[in-house]
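*Asks:* Here it is: the structure, laid out below.
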Amino acid sequence: MDCVVMGGNVKVLAKAIHSLSRIGDELYVEPQEDGLALRSVNSSRSAYACFLFAPLFFSRYTVHSGHTFRCKMAIKSVQAVFRSLASLEKTVEKCHIELDNQNNRLTFTLHCKHGLMKTHNLSFQDSESLQAVFDKDSYANVFRSHPRLLVDTVMHFPPSLEEVTVSVSDERMWVRNHVEEEGDQSKAMLTELCLASDEFDHFAVQAHNSVTFCLKELRGLLVFAESTGLPMSMYFDEPGSPVVLSVTDSVLEGNFVLATLSDDSNHRKKNNSRGAHTPPPPDDFMNDDIDSYLIAMDTSVAPGPSATGPPTPQLADSICSKQTAAASHRTRLHSEEEEEDKTTDSGRPLNKKFCSLFFGSVLPPSPQMSTQPVSSQQVLASDSEDDIQ
């Protein structure tokens, strides 16, 4: 891999990395034919983010054919390369990113004014491809606006607030802070903002639902969208299915996929009082614990001579019966339980019914792998052997 970023695009790249740092502690780097992919996922697998920079974003972009390179590294070490965002645009003329095969280092070289060069040789670990499967076109509710509208909205919430709830009707969107227990509402300060449909560039509602998700990740993407001036889109369906936040340009695309609370009866009652249609009750498995949810995730492996070898991670198929999936995933379930105990975010209470996305590392498709169409609610359920170990 060998690529060069020029001028103002250096600051855009730095902003993207800082936004990813709000998701997880590791940065996954994967050069592809269609551009450079930077990804991150949080420890509880409930939030995933990806930025894809097209070859036109770079003044030079070279990927060696026949050699697949994927790695992960501590995201703080990459942040240190672009430490001062305010001075990057004024002092840095270009950034050269190159893979040093001899020393197993990923080299970032900043070419500054007056001939000054800053070189950072960062260590990395080999990894599989971290991907999430979602179809934005299949979502019932789609909104797009200038980031300033949402920035002005979330500024009314304190920085310590963890979750917000978004509710919609045909002509309105309500954003309010999430109060978990009914008994706490008498003591907690409730903040709710109402946005009219004409404040958005695009406002399409097919299902009157409420979803609750983490505010930290939303703020991270808003900082990036506002600095670049790109409109931001939001896609969501029903409680329990992921929310997708997206920014798109001709040379880059950013997607943040966030888990939502699977059961929020308090907010459904508020929606009903507004005359909204009552959302369908959540499926039984959504109210189970994490173990049951994992058992209900089914993967499909194509039959063939290699069926006796190690199982090949696949894209998650539609959720089917628990009895069929339980036997085939019991071993993987125990491994993921142990990993979850070690990596559970200590800042989040464990009793919340967040429907974890469980993004994992997957191998690229091969002729023996059969993939089937997937919906926006399907996510990857396979973790790489490196992560389990």
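The way I read the labels, and the way they are meant: chains A, B, ... in the order of the structure tokens, residue 1 as the first residue of every chain, and ligand 1 as the first ligand shown, with later ones counted on from there.
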Using 12 Å as the limit and counting only C-alpha atoms, can you tabulate each residue of segment 95-199 of chain A that touches segment 53-58 of chain A, with its shortest atom-to-atom distance in Å and the two atoms involved, as CSV?

*Replies:*
```
residue,atom,partner,partner_atom,distance
A:Cys95,CA,A:Phe58,CA,9.7
A:His96,CA,A:Phe58,CA,9.9
A:Ile97,CA,A:Phe58,CA,10.5
```

*Asks:* Using only C-alpha atoms, which residue out of A:Pro159, A:Pro147, A:Pro239, A:Pro231 lies closest to Ser262 of chain A?

*Replies:* A:Pro239

*Asks:* Given only C-alpha atoms as the basis, pick out the residue of A:Leu36, A:Val10, A:Val41, A:Leu99 nearest to Val81 of chain A.

*Replies:* A:Val10

*Asks:* So what do you get for atom CA of His120 of chain A versus atom CA of Phe224 of chain A, distance-wise?

*Replies:*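 Atom CA of Phe224 of chain A lies at a distance of 23.8 Å from atom CA of His120 of chain A.
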
*Asks:* Between atom CA of Arg219 of chain A and atom CA of Glu253 of chain A, what distance in Å does the model show, to one decimal?

*Replies:*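 Going from atom CA of Arg219 of chain A over to atom CA of Glu253 of chain A, I get 17.2 Å.
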
*Asks:* What's the 12 Å shell around Gly8 of chain A, counting only C-alpha atoms, without same-chain residues fewer than 4 positions away, as a PDB file with N, CA, C and O atoms, in the first residue's frame?

*Replies:*
```
ATOM      1  N   VAL A  12      -9.322  16.348   6.519  1.00  0.00           N
ATOM      2  CA  VAL A  12     -10.505  15.484   6.424  1.00  0.00           C
ATOM      3  C   VAL A  12     -10.171  14.087   6.930  1.00  0.00           C
ATOM      4  O   VAL A  12     -10.940  13.480   7.685  1.00  0.00           O
ATOM      5  N   LEU A  13      -9.016  13.562   6.532  1.00  0.00           N
ATOM      6  CA  LEU A  13      -8.579  12.249   7.003  1.00  0.00           C
ATOM      7  C   LEU A  13      -8.395  12.244   8.521  1.00  0.00           C
ATOM      8  O   LEU A  13      -8.803  11.298   9.208  1.00  0.00           O
ATOM      9  N   ALA A  14      -7.800  13.314   9.041  1.00  0.00           N
ATOM     10  CA  ALA A  14      -7.591  13.402  10.490  1.00  0.00           C
ATOM     11  C   ALA A  14      -8.912  13.467  11.240  1.00  0.00           C
ATOM     12  O   ALA A  14      -9.081  12.829  12.287  1.00  0.00           O
ATOM     13  N   LYS A  15      -9.877  14.232  10.716  1.00  0.00           N
ATOM     14  CA  LYS A  15     -11.193  14.318  11.356  1.00  0.00           C
ATOM     15  C   LYS A  15     -11.889  12.962  11.381  1.00  0.00           C
ATOM     16  O   LYS A  15     -12.566  12.607  12.357  1.00  0.00           O
ATOM     17  N   PHE A  57      -9.728  10.520  -3.778  1.00  0.00           N
ATOM     18  CA  PHE A  57      -9.431  11.329  -2.595  1.00  0.00           C
ATOM     19  C   PHE A  57      -7.937  11.565  -2.456  1.00  0.00           C
ATOM     20  O   PHE A  57      -7.515  12.567  -1.869  1.00  0.00           O
ATOM     21  N   PHE A  58      -7.129  10.663  -2.996  1.00  0.00           N
ATOM     22  CA  PHE A  58      -5.668  10.717  -2.887  1.00  0.00           C
ATOM     23  C   PHE A  58      -5.066  11.246  -4.184  1.00  0.00           C
ATOM     24  O   PHE A  58      -5.625  11.072  -5.267  1.00  0.00           O
ATOM     25  N   SER A  59      -3.919  11.879  -4.056  1.00  0.00           N
ATOM     26  CA  SER A  59      -3.171  12.257  -5.257  1.00  0.00           C
ATOM     27  C   SER A  59      -2.434  11.058  -5.835  1.00  0.00           C
ATOM     28  O   SER A  59      -2.142  11.015  -7.031  1.00  0.00           O
ATOM     29  N   LEU A  85      -5.250  19.355  15.063  1.00  0.00           N
ATOM     30  CA  LEU A  85      -6.108  19.529  13.895  1.00  0.00           C
ATOM     31  C   LEU A  85      -6.119  20.972  13.403  1.00  0.00           C
ATOM     32  O   LEU A  85      -6.241  21.230  12.205  1.00  0.00           O
ATOM     33  N   ALA A  86      -5.985  21.929  14.314  1.00  0.00           N
ATOM     34  CA  ALA A  86      -6.054  23.337  13.925  1.00  0.00           C
ATOM     35  C   ALA A  86      -4.890  23.739  13.025  1.00  0.00           C
ATOM     36  O   ALA A  86      -5.045  24.559  12.115  1.00  0.00           O
ATOM     37  N   SER A  87      -3.721  23.149  13.258  1.00  0.00           N
ATOM     38  CA  SER A  87      -2.545  23.545  12.497  1.00  0.00           C
ATOM     39  C   SER A  87      -2.276  22.657  11.290  1.00  0.00           C
ATOM     40  O   SER A  87      -1.394  22.973  10.483  1.00  0.00           O
ATOM     41  N   LEU A  88      -3.011  21.578  11.146  1.00  0.00           N
ATOM     42  CA  LEU A  88      -2.740  20.663  10.030  1.00  0.00           C
ATOM     43  C   LEU A  88      -2.882  21.348   8.680  1.00  0.00           C
ATOM     44  O   LEU A  88      -2.012  21.235   7.812  1.00  0.00           O
ATOM     45  N   GLU A  89      -4.012  22.035   8.508  1.00  0.00           N
ATOM     46  CA  GLU A  89      -4.281  22.657   7.208  1.00  0.00           C
ATOM     47  C   GLU A  89      -3.286  23.765   6.895  1.00  0.00           C
ATOM     48  O   GLU A  89      -2.987  24.038   5.724  1.00  0.00           O
ATOM     49  N   LYS A  90      -2.735  24.409   7.939  1.00  0.00           N
ATOM     50  CA  LYS A  90      -1.813  25.527   7.713  1.00  0.00           C
ATOM     51  C   LYS A  90      -0.373  25.070   7.519  1.00  0.00           C
ATOM     52  O   LYS A  90       0.392  25.724   6.805  1.00  0.00           O
ATOM     53  N   THR A  91      -0.006  23.984   8.162  1.00  0.00           N
ATOM     54  CA  THR A  91       1.409  23.596   8.157  1.00  0.00           C
ATOM     55  C   THR A  91       1.720  22.362   7.310  1.00  0.00           C
ATOM     56  O   THR A  91       2.828  22.235   6.802  1.00  0.00           O
ATOM     57  N   VAL A  92       0.768  21.435   7.167  1.00  0.00           N
ATOM     58  CA  VAL A  92       1.026  20.177   6.460  1.00  0.00           C
ATOM     59  C   VAL A  92       0.609  20.303   4.999  1.00  0.00           C
ATOM     60  O   VAL A  92      -0.533  20.654   4.697  1.00  0.00           O
ATOM     61  N   GLU A  93       1.539  20.022   4.117  1.00  0.00           N
ATOM     62  CA  GLU A  93       1.268  20.092   2.682  1.00  0.00           C
ATOM     63  C   GLU A  93       0.786  18.760   2.126  1.00  0.00           C
ATOM     64  O   GLU A  93      -0.056  18.732   1.220  1.00  0.00           O
ATOM     65  N   LYS A  94       1.289  17.657   2.654  1.00  0.00           N
ATOM     66  CA  LYS A  94       0.816  16.346   2.216  1.00  0.00           C
ATOM     67  C   LYS A  94       1.165  15.298   3.264  1.00  0.00           C
ATOM     68  O   LYS A  94       2.055  15.491   4.100  1.00  0.00           O
ATOM     69  N   CYS A  95       0.448  14.189   3.193  1.00  0.00           N
ATOM     70  CA  CYS A  95       0.669  13.065   4.093  1.00  0.00           C
ATOM     71  C   CYS A  95       0.901  11.812   3.245  1.00  0.00           C
ATOM     72  O   CYS A  95       0.070  11.469   2.397  1.00  0.00           O
ATOM     73  N   SER A 227     -17.544  19.763  10.021  1.00  0.00           N
ATOM     74  CA  SER A 227     -16.245  20.274   9.555  1.00  0.00           C
ATOM     75  C   SER A 227     -16.100  20.146   8.047  1.00  0.00           C
ATOM     76  O   SER A 227     -15.406  20.952   7.420  1.00  0.00           O
ATOM     77  N   THR A 228     -16.739  19.138   7.452  1.00  0.00           N
ATOM     78  CA  THR A 228     -16.642  18.945   6.003  1.00  0.00           C
ATOM     79  C   THR A 228     -17.806  19.578   5.251  1.00  0.00           C
ATOM     80  O   THR A 228     -17.747  19.698   4.019  1.00  0.00           O
TER      81      THR A 228
END
```

*Asks:* According to DSSP computed on the backbone, where in segment 79-234 of chain A is there helix (DSSP H, G or I)? Give the residues as a PDB file with C-alpha atoms, in the first residue's frame.

*Replies:*
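In the end it all went to states_19.pdb:
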```pdb
ATOM      1  CA  GLN A  79      -4.449  10.095  16.567  1.00  0.00           C
ATOM      2  CA  ALA A  80      -1.002  11.178  17.727  1.00  0.00           C
ATOM      3  CA  VAL A  81       0.045  11.551  14.083  1.00  0.00           C
ATOM      4  CA  LEU A  85      -6.108  19.529  13.895  1.00  0.00           C
ATOM      5  CA  ALA A  86      -6.054  23.337  13.925  1.00  0.00           C
ATOM      6  CA  SER A  87      -2.545  23.545  12.497  1.00  0.00           C
ATOM      7  CA  LEU A  88      -2.740  20.663  10.030  1.00  0.00           C
ATOM      8  CA  GLU A  89      -4.281  22.657   7.208  1.00  0.00           C
ATOM      9  CA  LYS A  90      -1.813  25.527   7.713  1.00  0.00           C
ATOM     10  CA  THR A  91       1.409  23.596   8.157  1.00  0.00           C
ATOM     11  CA  LYS A 113       6.221  23.744   5.093  1.00  0.00           C
ATOM     12  CA  HIS A 114       9.868  24.851   4.930  1.00  0.00           C
ATOM     13  CA  GLY A 115      10.997  21.292   4.178  1.00  0.00           C
ATOM     14  CA  LYS A 136     -29.894   1.523   3.875  1.00  0.00           C
ATOM     15  CA  ASP A 137     -32.443   1.407   1.047  1.00  0.00           C
ATOM     16  CA  SER A 138     -34.615  -1.042   2.986  1.00  0.00           C
ATOM     17  CA  PRO A 147     -25.383  18.791  10.126  1.00  0.00           C
ATOM     18  CA  ARG A 148     -25.974  22.192  11.707  1.00  0.00           C
ATOM     19  CA  LEU A 149     -29.595  21.266  12.407  1.00  0.00           C
ATOM     20  CA  LEU A 150     -28.615  18.243  14.493  1.00  0.00           C
ATOM     21  CA  VAL A 151     -25.651  20.027  16.085  1.00  0.00           C
ATOM     22  CA  ASP A 152     -27.994  22.747  17.344  1.00  0.00           C
ATOM     23  CA  THR A 153     -30.323  20.014  18.612  1.00  0.00           C
ATOM     24  CA  VAL A 154     -27.870  17.901  20.606  1.00  0.00           C
ATOM     25  CA  GLU A 182     -40.468   5.446  35.279  1.00  0.00           C
ATOM     26  CA  GLY A 183     -39.688   6.196  38.927  1.00  0.00           C
ATOM     27  CA  ASP A 184     -36.717   8.339  37.900  1.00  0.00           C
ATOM     28  CA  GLN A 185     -38.799  10.687  35.745  1.00  0.00           C
ATOM     29  CA  SER A 186     -39.991  12.703  38.763  1.00  0.00           C
ATOM     30  CA  SER A 197     -40.287  18.174   8.464  1.00  0.00           C
ATOM     31  CA  ASP A 198     -39.559  21.348   6.462  1.00  0.00           C
ATOM     32  CA  GLU A 199     -36.320  21.795   8.424  1.00  0.00           C
ATOM     33  CA  LEU A 215     -25.432   9.996  21.877  1.00  0.00           C
ATOM     34  CA  LYS A 216     -21.628   9.789  22.008  1.00  0.00           C
ATOM     35  CA  GLU A 217     -21.314   8.171  18.577  1.00  0.00           C
ATOM     36  CA  LEU A 218     -23.821  10.591  17.038  1.00  0.00           C
ATOM     37  CA  ARG A 219     -21.766  13.522  18.272  1.00  0.00           C
ATOM     38  CA  GLY A 220     -18.640  11.965  16.791  1.00  0.00           C
ATOM     39  CA  LEU A 221     -20.116  11.847  13.289  1.00  0.00           C
ATOM     40  CA  LEU A 222     -21.653  15.306  13.655  1.00  0.00           C
ATOM     41  CA  VAL A 223     -18.211  16.806  14.327  1.00  0.00           C
ATOM     42  CA  PHE A 224     -16.934  15.261  11.100  1.00  0.00           C
ATOM     43  CA  ALA A 225     -19.996  16.224   9.047  1.00  0.00           C
ATOM     44  CA  GLU A 226     -19.969  19.825  10.240  1.00  0.00           C
ATOM     45  CA  SER A 227     -16.245  20.274   9.555  1.00  0.00           C
ATOM     46  CA  THR A 228     -16.642  18.945   6.003  1.00  0.00           C
TER      47      THR A 228
END
```

*Asks:* Taking 2 positions as the minimum chain separation for residues in the same chain, which residues sit within 10 Å of Asn255 of chain A when counting only C-alpha atoms? Answer as an mmCIF file with C-alpha atoms, in the first residue's frame.

*Replies:*
```
data_model
loop_
_atom_site.group_PDB
_atom_site.id
_atom_site.type_symbol
_atom_site.label_atom_id
_atom_site.label_comp_id
_atom_site.auth_asym_id
_atom_site.auth_seq_id
_atom_site.Cartn_x
_atom_site.Cartn_y
_atom_site.Cartn_z
ATOM 1 C CA ARG A 39 -13.119 0.928 10.501
ATOM 2 C CA TYR A 48 -19.571 0.119 14.299
ATOM 3 C CA ALA A 49 -18.150 2.832 12.045
ATOM 4 C CA CYS A 50 -16.468 2.843 8.657
ATOM 5 C CA PHE A 51 -14.986 5.489 6.384
ATOM 6 C CA LEU A 52 -14.214 4.577 2.781
ATOM 7 C CA LEU A 221 -20.116 11.847 13.289
ATOM 8 C CA MET A 232 -25.980 13.772 7.200
ATOM 9 C CA SER A 233 -28.586 11.058 6.720
ATOM 10 C CA MET A 234 -30.350 8.922 9.332
ATOM 11 C CA VAL A 244 -27.511 3.994 10.476
ATOM 12 C CA LEU A 245 -25.976 7.475 10.341
ATOM 13 C CA SER A 246 -24.325 8.303 7.045
ATOM 14 C CA VAL A 247 -22.362 11.012 5.232
ATOM 15 C CA THR A 248 -21.611 10.670 1.531
ATOM 16 C CA GLU A 253 -18.462 7.677 2.459
ATOM 17 C CA VAL A 257 -24.200 1.707 12.690
ATOM 18 C CA LEU A 258 -25.543 1.903 16.249
#
```

*Asks:* Can you list, as a list of chain:residue names, every protein, DNA or RNA residue that comes within 9 Å of Ser40 of chain A when you count only C-alpha atoms, leaving out same-chain residues fewer than 4 positions away?

*Replies:* A:Leu20, A:Ser21, A:Ile23, A:Gly24, A:Asp25, A:Glu26, A:Leu27, A:Tyr28, A:Ala47, A:Tyr48, A:Ala49, A:Cys50, A:Ile75, A:Leu130

*Asks:* So, with only C-alpha atoms as the atoms that count, which of A:Ser46, A:Ser65, A:Ser123, A:Gln32 lies closest to Ser241 of chain A?

*Replies:* A:Ser46

*Asks:* Which distance in Å separates atom CA of Ser44 of chain A and atom CA of Met173 of chain A, to one decimal?

*Replies:*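 Between atom CA of Ser44 of chain A and atom CA of Met173 of chain A the gap works out to 28.8 Å.
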
*Asks:* Using only C-alpha atoms, which residue out of A:Gln102, A:Ser145, A:His178, A:Glu171 lies closest to Gly229 of chain A?

*Replies:*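 For Gly229 of chain A, the nearest of the given residues is A:Ser145.
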